[in-house]
file start_29.txt (compact mmCIF, N, CA and C atoms)
# COMPACT_ATOMS: atom_id res chain seq x y z
N MET A 1 0.84 -1.16 0.00
CA MET A 1 0.00 0.00 0.00
C MET A 1 0.89 1.23 0.00
N PRO A 2 1.03 1.87 -1.12
CA PRO A 2 1.95 3.00 -1.22
C PRO A 2 1.36 4.30 -0.68
N ILE A 3 2.25 5.15 -0.22
CA ILE A 3 1.89 6.49 0.19
C ILE A 3 2.22 7.40 -0.99
N TYR A 4 1.22 8.19 -1.42
CA TYR A 4 1.39 9.10 -2.54
C TYR A 4 1.35 10.54 -2.06
N GLU A 5 2.02 11.41 -2.82
CA GLU A 5 1.98 12.84 -2.55
C GLU A 5 1.00 13.48 -3.52
N PHE A 6 0.21 14.42 -3.01
CA PHE A 6 -0.79 15.11 -3.81
C PHE A 6 -0.68 16.61 -3.58
N HIS A 7 -1.21 17.37 -4.55
CA HIS A 7 -1.31 18.82 -4.43
C HIS A 7 -2.73 19.23 -4.77
N CYS A 8 -3.37 19.96 -3.88
CA CYS A 8 -4.74 20.43 -4.09
C CYS A 8 -4.69 21.71 -4.91
N GLN A 9 -5.40 21.72 -6.02
CA GLN A 9 -5.42 22.90 -6.87
C GLN A 9 -6.44 23.92 -6.38
N ALA A 10 -7.30 23.54 -5.44
CA ALA A 10 -8.29 24.46 -4.90
C ALA A 10 -7.71 25.34 -3.80
N CYS A 11 -6.95 24.74 -2.86
CA CYS A 11 -6.43 25.52 -1.73
C CYS A 11 -4.90 25.60 -1.69
N ASP A 12 -4.22 25.02 -2.69
CA ASP A 12 -2.76 25.08 -2.82
C ASP A 12 -2.04 24.34 -1.69
N CYS A 13 -2.70 23.32 -1.13
CA CYS A 13 -2.14 22.50 -0.06
C CYS A 13 -1.47 21.26 -0.66
N SER A 14 -0.32 20.87 -0.13
CA SER A 14 0.33 19.61 -0.52
C SER A 14 0.23 18.65 0.66
N PHE A 15 -0.01 17.37 0.37
CA PHE A 15 -0.17 16.40 1.44
C PHE A 15 0.17 15.01 0.93
N GLU A 16 0.39 14.08 1.86
CA GLU A 16 0.63 12.68 1.56
C GLU A 16 -0.53 11.86 2.10
N THR A 17 -0.85 10.77 1.43
CA THR A 17 -1.89 9.87 1.94
C THR A 17 -1.65 8.45 1.45
N LEU A 18 -2.09 7.51 2.26
CA LEU A 18 -2.00 6.10 1.93
C LEU A 18 -3.14 5.76 0.99
N VAL A 19 -2.82 5.14 -0.16
CA VAL A 19 -3.84 4.75 -1.13
C VAL A 19 -3.87 3.22 -1.17
N ARG A 20 -4.95 2.65 -0.69
CA ARG A 20 -5.07 1.20 -0.59
C ARG A 20 -5.30 0.53 -1.93
N ASN A 21 -6.05 1.16 -2.83
CA ASN A 21 -6.25 0.61 -4.18
C ASN A 21 -6.50 1.75 -5.16
N SER A 22 -6.35 1.48 -6.44
CA SER A 22 -6.42 2.53 -7.46
C SER A 22 -7.81 3.12 -7.63
N SER A 23 -8.85 2.44 -7.17
CA SER A 23 -10.21 2.97 -7.31
C SER A 23 -10.62 3.85 -6.12
N GLU A 24 -9.76 3.96 -5.12
CA GLU A 24 -10.05 4.77 -3.94
C GLU A 24 -10.06 6.26 -4.31
N LYS A 25 -11.09 6.98 -3.89
CA LYS A 25 -11.21 8.41 -4.14
C LYS A 25 -10.39 9.16 -3.09
N VAL A 26 -9.52 10.07 -3.55
CA VAL A 26 -8.70 10.87 -2.65
C VAL A 26 -9.17 12.31 -2.74
N THR A 27 -9.34 12.93 -1.59
CA THR A 27 -9.71 14.34 -1.53
C THR A 27 -8.69 15.07 -0.66
N CYS A 28 -8.65 16.38 -0.79
CA CYS A 28 -7.72 17.21 -0.04
C CYS A 28 -7.97 17.06 1.47
N LYS A 29 -6.90 16.92 2.24
CA LYS A 29 -7.03 16.78 3.69
C LYS A 29 -7.41 18.09 4.36
N GLN A 30 -7.16 19.21 3.68
CA GLN A 30 -7.44 20.51 4.29
C GLN A 30 -8.83 21.03 3.92
N CYS A 31 -9.21 20.96 2.62
CA CYS A 31 -10.48 21.55 2.20
C CYS A 31 -11.47 20.54 1.63
N SER A 32 -11.08 19.27 1.56
CA SER A 32 -11.92 18.17 1.06
C SER A 32 -12.26 18.26 -0.43
N SER A 33 -11.54 19.07 -1.16
CA SER A 33 -11.77 19.20 -2.59
C SER A 33 -11.26 17.96 -3.33
N PRO A 34 -11.98 17.51 -4.36
CA PRO A 34 -11.49 16.40 -5.17
C PRO A 34 -10.56 16.88 -6.29
N ASN A 35 -10.32 18.18 -6.37
CA ASN A 35 -9.50 18.78 -7.42
C ASN A 35 -8.02 18.70 -7.03
N ILE A 36 -7.47 17.49 -7.06
CA ILE A 36 -6.08 17.26 -6.65
C ILE A 36 -5.28 16.64 -7.79
N LYS A 37 -3.98 16.78 -7.67
CA LYS A 37 -3.06 16.23 -8.67
C LYS A 37 -2.01 15.39 -7.96
N LYS A 38 -1.77 14.17 -8.46
CA LYS A 38 -0.75 13.31 -7.87
C LYS A 38 0.63 13.81 -8.29
N LEU A 39 1.54 13.92 -7.34
CA LEU A 39 2.89 14.40 -7.60
C LEU A 39 3.86 13.24 -7.74
N ILE A 40 4.97 13.50 -8.37
CA ILE A 40 6.03 12.50 -8.46
C ILE A 40 6.86 12.61 -7.20
N SER A 41 6.96 11.52 -6.46
CA SER A 41 7.70 11.52 -5.20
C SER A 41 9.18 11.42 -5.47
N ALA A 42 9.97 12.13 -4.70
CA ALA A 42 11.42 12.11 -4.85
C ALA A 42 11.99 10.72 -4.61
N HIS A 43 11.42 9.97 -3.64
CA HIS A 43 11.94 8.64 -3.35
C HIS A 43 11.60 7.65 -4.46
N ALA A 44 10.69 7.98 -5.37
CA ALA A 44 10.35 7.09 -6.47
C ALA A 44 11.35 7.19 -7.60
N ILE A 45 12.18 8.22 -7.57
CA ILE A 45 13.18 8.42 -8.60
C ILE A 45 14.51 7.95 -8.04
N GLY A 46 15.03 6.84 -8.56
CA GLY A 46 16.24 6.26 -8.00
C GLY A 46 17.47 6.57 -8.81
N SER A 47 18.59 6.55 -8.14
CA SER A 47 19.88 6.69 -8.82
C SER A 47 20.84 5.71 -8.16
N GLY A 48 20.38 4.48 -8.02
CA GLY A 48 21.17 3.46 -7.35
C GLY A 48 22.32 2.96 -8.20
N ILE A 49 23.21 2.26 -7.54
CA ILE A 49 24.32 1.66 -8.25
C ILE A 49 23.95 0.24 -8.62
N ALA A 50 24.43 -0.24 -9.73
CA ALA A 50 24.01 -1.52 -10.28
C ALA A 50 24.49 -2.73 -9.48
N GLU A 51 25.55 -2.58 -8.67
CA GLU A 51 26.12 -3.73 -7.99
C GLU A 51 25.31 -4.21 -6.80
N THR A 52 24.34 -3.45 -6.33
CA THR A 52 23.55 -3.86 -5.18
C THR A 52 22.08 -3.92 -5.54
N ALA A 53 21.32 -4.69 -4.78
CA ALA A 53 19.90 -4.86 -5.05
C ALA A 53 19.12 -3.58 -4.83
N CYS A 54 19.46 -2.83 -3.77
CA CYS A 54 18.70 -1.61 -3.47
C CYS A 54 19.38 -0.36 -3.98
N GLY A 55 20.62 -0.46 -4.39
CA GLY A 55 21.33 0.69 -4.94
C GLY A 55 22.17 1.46 -3.95
N SER A 56 22.21 1.03 -2.68
CA SER A 56 23.05 1.72 -1.72
C SER A 56 23.68 0.71 -0.77
N ALA A 57 24.85 1.03 -0.27
CA ALA A 57 25.55 0.14 0.63
C ALA A 57 25.13 0.42 2.07
N PRO A 58 25.14 -0.48 3.01
CA PRO A 58 25.37 -1.90 2.76
C PRO A 58 24.11 -2.56 2.25
N CYS A 59 24.26 -3.45 1.34
CA CYS A 59 23.12 -4.12 0.74
C CYS A 59 23.59 -5.44 0.15
N SER A 60 22.66 -6.34 -0.04
CA SER A 60 23.03 -7.62 -0.62
C SER A 60 23.38 -7.44 -2.09
N PRO A 61 24.16 -8.34 -2.66
CA PRO A 61 24.50 -8.24 -4.07
C PRO A 61 23.26 -8.28 -4.96
N ARG A 62 23.43 -7.74 -6.14
CA ARG A 62 22.34 -7.70 -7.11
C ARG A 62 21.84 -9.11 -7.38
N PRO A 63 20.51 -9.32 -7.36
CA PRO A 63 19.97 -10.65 -7.64
C PRO A 63 20.14 -11.00 -9.11
N PRO A 64 20.24 -12.30 -9.45
CA PRO A 64 20.40 -12.68 -10.84
C PRO A 64 19.15 -12.37 -11.65
N CYS A 65 19.35 -12.07 -12.94
CA CYS A 65 18.22 -11.81 -13.84
C CYS A 65 17.54 -13.13 -14.18
N GLY A 66 16.22 -13.16 -14.13
CA GLY A 66 15.48 -14.37 -14.48
C GLY A 66 15.87 -15.53 -13.59
N ALA A 67 15.69 -16.72 -14.09
CA ALA A 67 15.99 -17.91 -13.31
C ALA A 67 17.44 -18.33 -13.43
N GLY A 68 18.08 -18.02 -14.56
CA GLY A 68 19.42 -18.53 -14.79
C GLY A 68 20.53 -17.54 -14.61
N GLY A 69 20.24 -16.32 -14.26
CA GLY A 69 21.28 -15.30 -14.11
C GLY A 69 21.53 -14.55 -15.39
N CYS A 70 22.24 -13.45 -15.29
CA CYS A 70 22.52 -12.61 -16.44
C CYS A 70 23.71 -13.16 -17.24
N PRO A 71 23.67 -13.01 -18.54
CA PRO A 71 24.87 -13.32 -19.32
C PRO A 71 25.96 -12.34 -18.93
N SER A 72 27.21 -12.73 -19.01
CA SER A 72 28.31 -11.87 -18.57
C SER A 72 28.37 -10.57 -19.33
N SER A 73 27.79 -10.49 -20.53
CA SER A 73 27.81 -9.25 -21.31
C SER A 73 26.88 -8.20 -20.72
N GLN A 74 25.93 -8.59 -19.84
CA GLN A 74 25.00 -7.64 -19.26
C GLN A 74 25.42 -7.20 -17.86
N LEU A 75 26.51 -7.71 -17.33
CA LEU A 75 26.94 -7.35 -15.98
C LEU A 75 27.64 -6.05 -15.93
call {"tool": "encode", "arguments": {"input": "start_29.txt", "output": "structure tokens"}}
result
Amino acid sequence: MPIYEFHCQACDCSFETLVRNSSEKVTCKQCSSPNIKKLISAHAIGSGIAETACGSAPCSPRPPCGAGGCPSSQL
């Protein structure tokens, strides 16, 4: 269940909320307006390093691609 960031175009308020499913109606927490826009979250944009699974140390090594692992040309 991801937490999304929204911006209300009615009252200029920005807020975060937990969205349980895509059909759930989200309204502004301050003015209850449905006139909101979903924002791109900074944590959703990654710049990790390829050698680790999560992109930052300490972390486990990158998992193999598919069932048989990556060909050496893709490492």
call {"tool": "atom_distance", "arguments": {"input": "start_29.txt", "atom1": "CA of Ser22 (chain A)", "atom2": "CA of Gln9 (chain A)"}}
result
20.4 Å
call {"tool": "atom_distance", "arguments": {"input": "start_29.txt", "atom1": "atom N of His7 (chain A)", "atom2": "atom N of Leu39 (chain A)"}}
result
5.2 Å
call {"tool": "atom_distance", "arguments": {"input": "start_29.txt", "atom1": "CA of Val19 (chain A)", "atom2": "CA of Cys31 (chain A)"}}
result
18.4 Å
call {"tool": "residues_near_point", "arguments": {"input": "start_29.txt", "point": "(2.1, 3.1, -0.6)", "cutoff": "7 Å", "atoms": "only N, CA and C atoms", "output": "PyMOL selection string"}}
result
chain A and resi 1-4+17-19
call {"tool": "axis_aligned_box", "arguments": {"input": "start_29.txt", "around": "region 35-41 of chain A", "padding_each_side": "6 Å", "output": "JSON"}}
result
{"center_x": -0.6, "center_y": 15.1, "center_z": -6.9, "size_x": 31.5, "size_y": 19.4, "size_z": 15.5}
call {"tool": "residues_around", "arguments": {"input": "start_29.txt", "residues": "Lys37 (chain A)", "least_positions_apart": "6", "cutoff": "12 Å", "atoms": "only C-alpha atoms", "output": "list of chain:residue names"}}
result
A:Tyr4, A:Glu5, A:Phe6, A:His7, A:Cys8, A:Gln9, A:Ala10, A:Asp12, A:Cys13, A:Ser14, A:Phe15, A:Glu16, A:Val26, A:Thr27, A:Cys28
